[in-house]
Amino acid sequence: MFFTRISTGFELACSSWQVLRMNKKLIVFPVLSGIACMLVLLSFATPFLIHPQWLDFLNVQARQGVHPPVWAYAVLFAFYFCNYFVITYFNAALISCAIISFNGGEPTLADGLGAANSRLPQILAWAMVSATVGVLLKVIENIHEKVGEIISLILGTAWSILTFFVVPVLVVEKVGPFQAVTRSTAILRRAWGESLVSHWGIGLFMFLVSLPGIILIVLGAALVAAALVPAIALIALGGLYMLAIMALGPTLNGICLAALYQYAADGQVPRAFDTDLLSGAFVRKSR
């Protein structure tokens with residue numbers, strides 16, 4: 001059964017790859033998301049780099065077992081909010097384009113960004129909810145070093161499962177964040193079972209795609225003592241290859257999520273996917 005699930009997930013990843021091959025521009029959205037997230041991180045890290053005593057203060061409090069001050073949680077909330085907004089915004093654009101492609105259209109970058117812009121209120125609201133949950137999980141984690149971490153991990157995993165289809169719901173159905181969670185949960189109840197096999201399959205797919213880069217880096221490391229210049233060249237080449245495919249995983253995840261949503265919500269089989277494959281990814285409840 002385990003290997004069957006892996007096989008199904010891998011086939012979903014391959015079907016998502018076929019969609020990406022037909023619409024190569026879809027990979028731009030995760031690239032833009034990554035750049036924007038780096039800018040967010042830089043903007044929040046800069047004040048701490050300018051005033052390192054703030055970070056020292058938090059580290060001292062952590063070593064003494066004192067909970068972080070309220071302002072630290074406020075900063076954390078703002079950081080989470082900005083990150084969730086960026087990620088959700090570009091995921092919404094990617095999923096919108098994927099759905100257009102599934103239905104025989106030829107999506108453009110403007111189509112994706114336009115769809116995301118039209119959902120800005122929903123995306124902002126979802127970023128607010130996600131940031132709140134993120135901070136609450138952090139508070140729980142800080143209550144007790146070990147028990148808090150376990151509880152936070154369990155709750156975080158449950159939240160991730162319940163909100164699996166939230167972004168496609170926001171994109172297609174234009175509902176608020178709480179309705180989106182309810183709708184996501186309802187879809188999982190109607191079509192559930194192996195609903196997360198796509199992550200395993202895409203993980204395996206990405207590992208196989210990454211092998212050339214890994215081999216180059218390993219060969220370069222093995223040659224360091226014997227031939228320094230070729231070794232550096234191999235490591236640099238492998239590093240560039242790995243960097244080039246970093247956006248591939250998130251793109252395949254977005255395409256696959258859009259396909260699973262369309263099938264689970266409407267029973268429609270997206271282009272490049274087949275019914276048997278999708279029915280293997282979801283085990284429907286018997287009535």
# chains A, B, ... in the order shown; residues from 1 in each chain; ligands from 1

call {"tool": "residues_around", "arguments": {"residues": "stretch 131-138 of chain A", "least_positions_apart": "2", "cutoff": "6 Å", "atoms": "only C-alpha atoms", "output": "compact mmCIF listing (two decimals) with N, CA and C atoms, in the first residue's frame"}}
result
# COMPACT_ATOMS: atom_id res chain seq x y z
N PHE A 77 4.42 38.50 14.56
CA PHE A 77 3.14 38.53 13.85
C PHE A 77 3.27 39.29 12.53
N TYR A 80 5.26 37.14 10.08
CA TYR A 80 4.42 36.06 9.56
C TYR A 80 3.40 36.59 8.57
N PHE A 81 2.76 37.72 8.92
CA PHE A 81 1.73 38.29 8.06
C PHE A 81 2.29 38.62 6.67
N ALA A 127 -3.93 35.90 5.25
CA ALA A 127 -2.61 36.16 5.82
C ALA A 127 -2.74 36.55 7.29
N MET A 128 -3.78 37.30 7.63
CA MET A 128 -4.04 37.70 9.01
C MET A 128 -4.33 36.46 9.88
N VAL A 129 -5.20 35.59 9.37
CA VAL A 129 -5.54 34.37 10.12
C VAL A 129 -4.31 33.47 10.27
N ILE A 140 2.49 28.57 22.30
CA ILE A 140 2.35 27.23 22.88
C ILE A 140 3.71 26.55 22.96
N GLU A 141 4.51 26.71 21.91
CA GLU A 141 5.85 26.10 21.88
C GLU A 141 6.74 26.65 22.98
N SER A 152 2.62 21.93 19.75
CA SER A 152 2.65 22.86 18.63
C SER A 152 2.79 22.12 17.31

call {"tool": "residues_around", "arguments": {"residues": "A:Leu252", "least_positions_apart": "3", "cutoff": "8 Å", "atoms": "only C-alpha atoms", "output": "ChimeraX atom specification"}}
result
/A:13,16-17,20,202,248-249,255-256

call {"tool": "atom_distance", "arguments": {"atom1": "atom CA of A:Ile95", "atom2": "atom CA of A:Gly254"}}
result
5.9 Å

call {"tool": "select_by_dssp", "arguments": {"residues": "stretch 89-284 of chain A", "states": "strand (DSSP E)", "output": "PDB file with N, CA and C atoms, in the first residue's frame"}}
result
ATOM      1  N   ALA A 191     -13.700  13.706  -0.245  1.00  0.00           N
ATOM      2  CA  ALA A 191     -12.709  12.998  -1.048  1.00  0.00           C
ATOM      3  C   ALA A 191     -11.416  12.970  -0.254  1.00  0.00           C
ATOM      4  N   TRP A 192     -11.246  11.914   0.500  1.00  0.00           N
ATOM      5  CA  TRP A 192     -10.131  11.889   1.434  1.00  0.00           C
ATOM      6  C   TRP A 192      -9.381  10.574   1.310  1.00  0.00           C
ATOM      7  N   VAL A 283      -9.391   8.538  -1.926  1.00  0.00           N
ATOM      8  CA  VAL A 283     -10.276   7.418  -1.640  1.00  0.00           C
ATOM      9  C   VAL A 283     -11.569   7.988  -1.126  1.00  0.00           C
ATOM     10  N   ARG A 284     -12.636   7.888  -1.910  1.00  0.00           N
ATOM     11  CA  ARG A 284     -13.890   8.525  -1.528  1.00  0.00           C
ATOM     12  C   ARG A 284     -14.626   7.697  -0.482  1.00  0.00           C
TER      13      ARG A 284
END

call {"tool": "select_by_dssp", "arguments": {"residues": "stretch 89-232 of chain A", "states": "helix (DSSP H, G or I)", "output": "PyMOL selection string"}}
result
chain A and resi 89-102+109-118+120-143+147-162+166-173+177-190+197-222+228-232

call {"tool": "residues_around", "arguments": {"residues": "stretch 161-169 of chain A", "least_positions_apart": "2", "cutoff": "9 Å", "atoms": "only C-alpha atoms", "output": "VMD selection string"}}
result
chain A and resid 88 91 to 92 95 to 96 123 126 156 to 159 171 to 175 177 180 to 185 187 to 188 196 257 to 258 260 to 262

call {"tool": "write_last_selection", "arguments": {"atoms": "N, CA, C and O atoms", "output": "compact mmCIF listing (two decimals), in the first residue's frame"}}
result
# COMPACT_ATOMS: atom_id res chain seq x y z
N THR A 88 0.85 33.43 -0.27
CA THR A 88 -0.52 33.19 -0.72
C THR A 88 -0.82 33.94 -2.00
O THR A 88 -1.49 33.41 -2.90
N ASN A 91 0.93 32.12 -4.87
CA ASN A 91 0.28 30.81 -5.04
C ASN A 91 -1.08 30.96 -5.70
O ASN A 91 -1.47 30.15 -6.54
N ALA A 92 -1.81 32.01 -5.31
CA ALA A 92 -3.11 32.27 -5.93
C ALA A 92 -2.94 32.55 -7.42
O ALA A 92 -3.74 32.07 -8.25
N ILE A 95 -2.06 29.14 -9.14
CA ILE A 95 -3.21 28.24 -9.20
C ILE A 95 -4.24 28.75 -10.21
O ILE A 95 -4.85 27.96 -10.94
N SER A 96 -4.43 30.06 -10.27
CA SER A 96 -5.36 30.64 -11.25
C SER A 96 -4.92 30.28 -12.67
O SER A 96 -5.75 29.87 -13.50
N ILE A 123 -7.03 37.38 0.33
CA ILE A 123 -5.63 37.03 0.61
C ILE A 123 -5.13 37.73 1.86
O ILE A 123 -4.45 37.14 2.71
N TRP A 126 -6.70 36.05 4.84
CA TRP A 126 -6.08 34.75 5.10
C TRP A 126 -4.68 34.91 5.71
O TRP A 126 -4.29 34.16 6.60
N GLY A 156 -0.03 22.19 14.55
CA GLY A 156 0.40 22.75 13.27
C GLY A 156 0.14 21.80 12.12
O GLY A 156 -0.29 22.21 11.03
N THR A 157 0.39 20.51 12.35
CA THR A 157 0.14 19.51 11.32
C THR A 157 -1.35 19.41 11.01
O THR A 157 -1.76 19.34 9.84
N ALA A 158 -2.17 19.39 12.07
CA ALA A 158 -3.63 19.33 11.88
C ALA A 158 -4.13 20.54 11.11
O ALA A 158 -4.97 20.42 10.20
N TRP A 159 -3.60 21.72 11.44
CA TRP A 159 -3.99 22.95 10.75
C TRP A 159 -3.61 22.88 9.27
O TRP A 159 -4.39 23.28 8.40
N VAL A 171 -9.21 31.29 -4.44
CA VAL A 171 -9.08 31.70 -5.83
C VAL A 171 -10.38 31.51 -6.59
O VAL A 171 -10.85 32.40 -7.31
N VAL A 172 -10.98 30.33 -6.46
CA VAL A 172 -12.14 29.96 -7.28
C VAL A 172 -13.45 30.46 -6.69
O VAL A 172 -14.31 30.99 -7.40
N GLU A 173 -13.61 30.31 -5.38
CA GLU A 173 -14.91 30.56 -4.77
C GLU A 173 -15.02 31.93 -4.10
O GLU A 173 -16.12 32.33 -3.69
N LYS A 174 -13.91 32.64 -3.96
CA LYS A 174 -13.89 34.02 -3.47
C LYS A 174 -14.59 34.18 -2.12
O LYS A 174 -15.33 35.15 -1.91
N VAL A 175 -14.37 33.26 -1.22
CA VAL A 175 -14.98 33.34 0.11
C VAL A 175 -13.96 33.89 1.11
O VAL A 175 -12.78 34.05 0.79
N PRO A 177 -11.76 33.85 4.86
CA PRO A 177 -10.83 32.84 5.37
C PRO A 177 -11.50 31.73 6.16
O PRO A 177 -11.13 30.56 6.02
N ALA A 180 -13.35 29.54 3.89
CA ALA A 180 -12.38 28.77 3.11
C ALA A 180 -11.90 27.54 3.88
O ALA A 180 -11.73 26.46 3.31
N VAL A 181 -11.67 27.71 5.19
CA VAL A 181 -11.25 26.57 6.01
C VAL A 181 -12.37 25.54 6.08
O VAL A 181 -12.13 24.33 5.95
N THR A 182 -13.61 26.01 6.27
CA THR A 182 -14.76 25.10 6.32
C THR A 182 -14.91 24.35 5.01
O THR A 182 -15.13 23.13 4.98
N ARG A 183 -14.76 25.06 3.90
CA ARG A 183 -14.89 24.45 2.58
C ARG A 183 -13.75 23.46 2.33
O ARG A 183 -13.98 22.37 1.80
N SER A 184 -12.53 23.83 2.71
CA SER A 184 -11.38 22.92 2.56
C SER A 184 -11.60 21.64 3.33
O SER A 184 -11.37 20.53 2.82
N THR A 185 -12.10 21.76 4.56
CA THR A 185 -12.38 20.59 5.38
C THR A 185 -13.47 19.73 4.76
O THR A 185 -13.38 18.50 4.76
N ILE A 187 -14.21 19.43 1.58
CA ILE A 187 -13.67 18.73 0.41
C ILE A 187 -12.87 17.51 0.86
O ILE A 187 -12.98 16.42 0.28
N LEU A 188 -12.10 17.68 1.91
CA LEU A 188 -11.32 16.56 2.43
C LEU A 188 -12.22 15.45 2.96
O LEU A 188 -11.90 14.27 2.85
N LEU A 196 -2.73 13.46 0.59
CA LEU A 196 -1.46 14.18 0.61
C LEU A 196 -0.35 13.42 -0.12
O LEU A 196 0.82 13.74 0.03
N LEU A 257 -1.90 20.83 -6.64
CA LEU A 257 -2.95 21.25 -5.72
C LEU A 257 -4.18 21.73 -6.48
O LEU A 257 -5.32 21.40 -6.13
N ALA A 258 -3.94 22.51 -7.53
CA ALA A 258 -5.05 23.00 -8.35
C ALA A 258 -5.80 21.85 -9.01
O ALA A 258 -7.04 21.84 -9.08
N LEU A 260 -5.94 18.64 -7.96
CA LEU A 260 -6.65 17.88 -6.94
C LEU A 260 -7.91 18.62 -6.49
O LEU A 260 -8.96 18.00 -6.27
N TYR A 261 -7.82 19.94 -6.37
CA TYR A 261 -9.00 20.73 -5.98
C TYR A 261 -10.09 20.62 -7.03
O TYR A 261 -11.26 20.38 -6.70
N GLN A 262 -9.72 20.81 -8.30
CA GLN A 262 -10.74 20.79 -9.35
C GLN A 262 -11.43 19.44 -9.40
O GLN A 262 -12.65 19.36 -9.58

call {"tool": "closest_residue", "arguments": {"among": "A:Leu240, A:Met38, A:Met246, A:Leu234", "to": "A:Met206", "atoms": "only C-alpha atoms"}}
result
A:Met246

call {"tool": "closest_residue", "arguments": {"among": "A:Tyr89, A:Tyr84, A:Phe207, A:Phe10", "to": "A:Met242", "atoms": "only C-alpha atoms"}}
result
A:Phe207

call {"tool": "atom_distance", "arguments": {"atom1": "atom CA of A:Trp71", "atom2": "atom CA of A:Leu153"}}
result
24.0 Å

call {"tool": "closest_residue", "arguments": {"among": "A:Ala259, A:Val209, A:Leu204, A:Leu278", "to": "A:Asn103", "atoms": "only C-alpha atoms"}}
result
A:Ala259

call {"tool": "closest_residue", "arguments": {"among": "A:Ala186, A:Thr8, A:Ala227, A:Leu219", "to": "A:Ala264", "atoms": "only C-alpha atoms"}}
result
A:Ala186

call {"tool": "residues_around", "arguments": {"residues": "stretch 104-106 of chain A", "least_positions_apart": "4", "cutoff": "10 Å", "atoms": "only C-alpha atoms", "output": "list in words"}}
result
Met22, Asn23, Cys97, Ala98, Ile99, Ile100, Asp111, Pro270 and Arg271 of chain A

call {"tool": "atom_distance", "arguments": {"atom1": "atom CA of A:Ser210", "atom2": "atom CA of A:Val224"}}
result
21.6 Å

call {"tool": "residues_around", "arguments": {"residues": "A:Ile232", "least_positions_apart": "4", "cutoff": "12 Å", "atoms": "only C-alpha atoms", "output": "number ranges by chain"}}
result
A: 216-228, 236-239
